[in-house]
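Colleague: Contents are mmCIF, C-alpha atoms; file name final38.cif:
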data_target
loop_
_atom_site.label_atom_id
_atom_site.label_comp_id
_atom_site.auth_asym_id
_atom_site.auth_seq_id
_atom_site.Cartn_x
_atom_site.Cartn_y
_atom_site.Cartn_z
CA MET A 54 -22.77 2.91 13.20
CA THR A 55 -25.79 2.89 10.93
CA GLU A 56 -27.80 -0.25 10.26
CA GLU A 57 -26.67 -0.52 6.64
CA GLN A 58 -22.98 -0.30 7.56
CA PRO A 59 -21.40 -3.76 7.32
CA SER A 60 -19.10 -4.93 10.08
CA TYR A 61 -15.45 -5.07 9.03
CA LYS A 62 -12.52 -6.97 10.45
CA LEU A 63 -9.13 -6.51 8.81
CA ILE A 64 -6.81 -9.43 9.54
CA TYR A 65 -3.08 -8.93 9.01
CA PHE A 66 0.23 -9.14 10.84
CA ASN A 67 1.46 -6.37 13.14
CA ALA A 68 2.89 -4.45 10.18
CA ARG A 69 1.97 -1.81 7.63
CA GLY A 70 2.83 -4.02 4.67
CA ARG A 71 0.03 -4.99 2.32
CA ALA A 72 -2.77 -3.79 4.61
CA GLU A 73 -1.84 -0.19 5.33
CA HIS A 74 -3.52 1.38 2.28
CA ILE A 75 -6.76 -0.34 3.40
CA ARG A 76 -6.33 1.20 6.86
CA TYR A 77 -5.87 4.61 5.18
CA ILE A 78 -9.17 4.14 3.33
CA PHE A 79 -10.98 3.27 6.57
CA ALA A 80 -9.40 6.30 8.27
CA MET A 81 -10.28 8.63 5.40
CA VAL A 82 -13.95 7.66 5.28
CA GLY A 83 -14.31 7.31 9.05
CA ILE A 84 -15.35 3.66 9.13
CA ASP A 85 -15.05 1.63 12.33
CA TYR A 86 -13.34 -1.71 11.88
CA VAL A 87 -11.51 -4.32 13.91
CA ASP A 88 -7.77 -4.08 13.18
CA GLU A 89 -6.76 -7.64 14.06
CA ARG A 90 -2.98 -8.09 14.14
CA VAL A 91 -1.98 -11.74 14.09
CA PRO A 92 1.13 -12.69 16.11
CA LYS A 93 3.64 -14.67 14.01
CA GLU A 94 3.30 -17.73 16.28
CA ARG A 95 -0.45 -17.91 15.65
CA TRP A 96 -0.12 -17.70 11.88
CA PRO A 97 0.62 -21.38 11.01
CA GLU A 98 -2.66 -22.40 12.67
CA LEU A 99 -4.70 -19.51 11.27
CA LYS A 100 -3.26 -19.92 7.75
CA LYS A 101 -5.42 -23.03 7.15
CA SER A 102 -8.64 -21.06 7.65
CA MET A 103 -7.73 -18.20 5.27
CA PRO A 104 -9.22 -18.33 1.73
CA TYR A 105 -5.83 -18.65 -0.02
CA GLY A 106 -3.55 -19.14 2.96
CA MET A 107 -2.40 -15.52 2.83
CA LEU A 108 -3.01 -12.18 4.54
CA PRO A 109 -4.44 -9.57 4.55
CA VAL A 110 -8.04 -10.71 4.61
CA LEU A 111 -11.02 -8.44 5.20
CA GLU A 112 -14.05 -10.00 6.83
CA ILE A 113 -17.21 -8.23 5.64
CA ASP A 114 -20.09 -9.28 7.89
CA GLY A 115 -18.07 -12.40 8.67
CA LYS A 116 -17.33 -13.28 5.02
CA PRO A 117 -13.57 -13.46 4.41
CA ILE A 118 -12.31 -11.63 1.31
CA ALA A 119 -8.68 -12.06 0.20
CA GLN A 120 -6.35 -9.93 -1.97
CA SER A 121 -5.50 -6.51 -0.57
CA ASN A 122 -5.98 -4.55 -3.79
CA ALA A 123 -9.35 -6.18 -4.54
CA VAL A 124 -10.44 -5.20 -1.02
CA ALA A 125 -9.07 -1.66 -1.39
CA ARG A 126 -10.70 -1.23 -4.79
CA TYR A 127 -14.07 -2.41 -3.45
CA LEU A 128 -13.92 0.01 -0.50
CA ALA A 129 -12.67 2.86 -2.71
CA ARG A 130 -15.53 2.44 -5.19
CA LYS A 131 -18.05 2.22 -2.39
CA HIS A 132 -16.78 5.42 -0.73
CA GLY A 133 -15.84 7.71 -3.62
CA LEU A 134 -12.08 7.12 -3.66
CA ALA A 135 -11.80 5.42 -7.07
CA GLY A 136 -11.81 8.50 -9.31
CA LYS A 137 -14.70 10.37 -10.86
CA ASP A 138 -15.55 7.77 -13.56
CA GLU A 139 -14.63 4.34 -14.95
CA TRP A 140 -11.68 5.79 -16.87
CA GLU A 141 -10.10 7.24 -13.71
CA SER A 142 -10.91 4.01 -11.88
CA MET A 143 -8.93 2.12 -14.53
CA LEU A 144 -6.02 4.57 -14.28
CA CYS A 145 -5.90 3.89 -10.53
CA ASP A 146 -5.61 0.18 -11.30
CA VAL A 147 -2.86 0.78 -13.89
CA LEU A 148 -0.73 2.76 -11.44
CA VAL A 149 -1.31 0.41 -8.51
CA ASP A 150 -0.51 -2.68 -10.61
CA THR A 151 2.62 -1.08 -12.09
CA LEU A 152 3.80 -0.06 -8.63
CA GLY A 153 3.12 -3.69 -7.64
CA ASP A 154 5.63 -4.80 -10.29
CA LEU A 155 8.28 -2.56 -8.75
CA LYS A 156 7.41 -3.73 -5.22
CA GLN A 157 7.90 -7.34 -6.34
CA VAL A 158 11.46 -6.55 -7.48
CA LEU A 159 12.15 -4.69 -4.22
CA PHE A 160 10.83 -7.67 -2.26
CA GLN A 161 13.23 -9.99 -4.10
CA TYR A 162 16.08 -7.65 -3.17
CA ARG A 163 15.05 -7.45 0.49
CA THR A 164 14.74 -11.24 0.82
CA GLU A 165 17.98 -12.08 -1.01
CA GLU A 166 20.23 -13.91 1.48
CA ASP A 167 23.42 -14.16 -0.58
CA PRO A 168 25.35 -10.92 0.29
CA PHE A 169 27.09 -10.77 -3.11
CA LYS A 170 23.86 -11.25 -5.05
CA LYS A 171 22.14 -8.73 -2.78
CA GLU A 172 24.73 -6.06 -3.61
CA GLU A 173 24.38 -6.85 -7.32
CA LYS A 174 20.60 -6.51 -7.08
CA LYS A 175 20.88 -3.27 -5.15
CA ALA A 176 23.22 -1.77 -7.76
CA ARG A 177 20.86 -2.71 -10.61
CA LEU A 178 17.85 -1.44 -8.68
CA LEU A 179 19.39 1.95 -7.95
CA LYS A 180 20.89 2.40 -11.40
CA GLU A 181 18.14 1.04 -13.66
CA THR A 182 14.92 -0.38 -12.23
CA ILE A 183 13.96 2.25 -9.65
CA PRO A 184 14.72 5.31 -11.84
CA PHE A 185 12.80 3.72 -14.75
CA TYR A 186 9.62 3.36 -12.68
CA LEU A 187 9.94 6.45 -10.47
CA ASN A 188 10.57 8.77 -13.42
CA LYS A 189 7.36 7.56 -15.06
CA PHE A 190 5.38 7.91 -11.83
CA GLU A 191 6.94 11.34 -11.21
CA GLN A 192 5.82 12.56 -14.64
CA THR A 193 2.26 11.27 -14.19
CA ILE A 194 1.86 12.83 -10.75
CA ALA A 195 3.43 16.15 -11.82
CA ASN A 196 1.02 16.27 -14.78
CA ASN A 197 -1.91 15.70 -12.39
CA GLY A 198 -0.89 18.52 -10.06
CA GLY A 199 0.24 16.20 -7.27
CA TYR A 200 -2.43 13.50 -7.54
CA ALA A 201 -1.93 9.94 -8.81
CA VAL A 202 -5.11 10.14 -10.89
CA GLY A 203 -7.36 13.09 -11.77
CA THR A 204 -7.67 16.03 -9.42
CA THR A 205 -8.95 14.36 -6.26
CA THR A 206 -7.59 11.94 -3.67
CA THR A 207 -7.98 8.31 -4.70
CA TRP A 208 -6.96 5.01 -3.18
CA ALA A 209 -3.98 5.04 -5.59
CA ASP A 210 -2.62 8.04 -3.63
CA PHE A 211 -2.74 5.92 -0.48
CA VAL A 212 -0.95 2.99 -2.12
CA PHE A 213 1.81 5.36 -3.25
CA ALA A 214 2.09 7.17 0.10
CA VAL A 215 2.54 3.86 1.96
CA ALA A 216 5.06 2.55 -0.60
CA LEU A 217 7.06 5.79 -0.61
CA GLU A 218 7.27 5.79 3.18
CA ASN A 219 8.75 2.27 3.01
CA PHE A 220 11.03 3.29 0.15
CA GLU A 221 12.54 6.14 2.18
CA GLN A 222 12.96 3.75 5.08
CA ILE A 223 14.92 1.25 2.94
CA PHE A 224 17.01 3.69 0.85
CA GLY A 225 17.21 6.73 3.15
CA PRO A 226 15.36 10.08 3.35
CA ALA A 227 17.38 11.51 0.43
CA SER A 228 16.16 8.75 -1.93
CA LEU A 229 13.22 10.84 -3.19
CA GLU A 230 15.20 14.06 -3.71
CA ASN A 231 15.00 13.75 -7.50
CA TYR A 232 11.26 13.07 -7.36
CA PRO A 233 9.58 16.20 -5.92
CA ALA A 234 6.09 15.28 -7.19
CA LEU A 235 6.26 11.84 -5.54
CA ARG A 236 7.56 13.32 -2.31
CA GLY A 237 4.83 15.99 -2.51
CA LEU A 238 2.13 13.34 -2.96
CA LYS A 239 3.32 11.46 0.14
CA GLN A 240 3.41 14.70 2.12
CA ARG A 241 -0.07 15.75 0.92
CA VAL A 242 -1.60 12.40 1.91
CA HIS A 243 0.13 12.52 5.30
CA GLU A 244 -1.34 15.98 5.93
CA ILE A 245 -4.98 14.91 5.40
CA PRO A 246 -6.50 15.35 8.90
CA ALA A 247 -8.06 11.86 9.02
CA ILE A 248 -4.74 10.29 7.97
CA VAL A 249 -2.80 12.44 10.46
CA GLU A 250 -5.09 11.09 13.17
CA TRP A 251 -4.46 7.50 12.04
CA LEU A 252 -0.67 8.01 11.84
CA GLY A 253 -0.72 9.37 15.38
CA LYS A 254 -2.34 6.27 16.84
CA ARG A 255 -1.21 3.37 14.67
CA PRO A 256 1.20 0.86 16.24
CA GLN A 257 4.87 1.51 15.52
CA THR A 258 6.16 -1.26 13.25
CA GLU A 259 9.28 -1.78 11.13
CA PHE A 260 7.40 -2.06 7.82
#
Starting from the file, give its structure as structure tokens.
Modeller:
Amino acid sequence: MTEEQPSYKLIYFNARGRAEHIRYIFAMVGIDYVDERVPKERWPELKKSMPYGMLPVLEIDGKPIAQSNAVARYLARKHGLAGKDEWESMLCDVLVDTLGDLKQVLFQYRTEEDPFKKEEKKARLLKETIPFYLNKFEQTIANNGGYAVGTTTTWADFVFAVALENFEQIFGPASLENYPALRGLKQRVHEIPAIVEWLGKRPQTEF
């Protein structure tokens, strides 16, 4: 580790969740970091010391920084994964934020406890919400030759690869059949040697 390299500690639960795209960035650029996975029973105590009482948090030289996408964006800009210019950097943000809207709806479905309401939500998701978003993403990625933005790998690709892996887990491997460009993006990211290495050693978790 060079002298200029800050020390990083990524604090999250033992899950992929909202921290995995940050771990992909670290893997891609070959940065050493502490991958601290907080056991659920320790969280109530630790919560008080986190900037906004939420995880993930990245400590940069001991300074805690909250908000996973702010962290990812900072690391991506620093290490050439935010597109070739400000325009592409903005397009990364647009896609990541729009995907965030969809993830919020999926989260509401996954956490719905009323079985009847859950079925209703699932039907609406599969019929309307998911196709609306995925068709738009599919078109964008197809137009970019398999990349989220531009013609090079960006942090937006990592956000999508992680989300699509979870999506297939929730809705089954056939759920991306109508979206070849999205499936291709996930496959391409998961064939990058540095990411392959990370996938081979990361802890097995449900999400």
Colleague: Leaving out Lys174 (chain A) and any residue of its chain fewer than 4 positions from it, which residues lie within 10 Å of it when counting all atoms listed in the file, given as JSON, numbers by chain?
Modeller: {"A": [158, 159, 161, 162, 163, 165, 168, 169, 170, 178, 179, 180, 182]}
Colleague: From the list A:Tyr61, A:Glu166, A:Val91, A:Gly136, which residue is nearest Ile118 (chain A) when using all atoms listed in the file?
Modeller: A:Tyr61
Colleague: Taking the file as shown, find all residues satisfying the PyMOL selection byres ((chain A and resi 250-254) around 12) and write them as JSON, numbers by chain.
Modeller: {"A": [69, 73, 74, 75, 76, 77, 78, 79, 80, 81, 82, 83, 84, 215, 218, 242, 243, 244, 245, 246, 247, 248, 249, 255, 256, 257, 258]}
Colleague: Quick one: pull the distance between CA of Asn188 (chain A) and CA of Gln222 (chain A), Å, one decimal.
Modeller: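 Atom-to-atom, CA of Asn188 (chain A) and CA of Gln222 (chain A) are spaced 19.3 Å apart.
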Colleague: With the PyMOL selection byres ((chain A and resi 120) around 9) as the selection, what would be picked from this file? Answer as a ChimeraX atom specification, please.
Modeller: /A:105,107-111,118-119,121-125
Colleague: Mind giving me the straight-line distance from CA of Trp140 (chain A) to CA of Pro184 (chain A) in Å, one decimal?
Modeller: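 Answer for the CA of Trp140 (chain A) to CA of Pro184 (chain A) separation: 26.9 Å.
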Colleague: Between CA of Asn231 (chain A) and CA of Glu191 (chain A), what distance in Å does the model show, to one decimal?
Modeller: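 Between CA of Asn231 (chain A) and CA of Glu191 (chain A) the gap works out to 9.2 Å.
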Colleague: For the provided coordinates, the residues matched by the PyMOL selection byres ((chain A and resi 145) around 8) should be stated as a ChimeraX atom specification.
Modeller: /A:135-136,141-144,146-149,201-202,207-209
Colleague: Save out the residues we just selected, C-alpha atoms, as a PDB file, in the coordinates of the input.
Modeller:
ATOM      1  CA  ALA A 135     -11.800   5.420  -7.070  1.00  0.00           C
ATOM      2  CA  GLY A 136     -11.810   8.500  -9.310  1.00  0.00           C
ATOM      3  CA  GLU A 141     -10.100   7.240 -13.710  1.00  0.00           C
ATOM      4  CA  SER A 142     -10.910   4.010 -11.880  1.00  0.00           C
ATOM      5  CA  MET A 143      -8.930   2.120 -14.530  1.00  0.00           C
ATOM      6  CA  LEU A 144      -6.020   4.570 -14.280  1.00  0.00           C
ATOM      7  CA  ASP A 146      -5.610   0.180 -11.300  1.00  0.00           C
ATOM      8  CA  VAL A 147      -2.860   0.780 -13.890  1.00  0.00           C
ATOM      9  CA  LEU A 148      -0.730   2.760 -11.440  1.00  0.00           C
ATOM     10  CA  VAL A 149      -1.310   0.410  -8.510  1.00  0.00           C
ATOM     11  CA  ALA A 201      -1.930   9.940  -8.810  1.00  0.00           C
ATOM     12  CA  VAL A 202      -5.110  10.140 -10.890  1.00  0.00           C
ATOM     13  CA  THR A 207      -7.980   8.310  -4.700  1.00  0.00           C
ATOM     14  CA  TRP A 208      -6.960   5.010  -3.180  1.00  0.00           C
ATOM     15  CA  ALA A 209      -3.980   5.040  -5.590  1.00  0.00           C
TER      16      ALA A 209
END
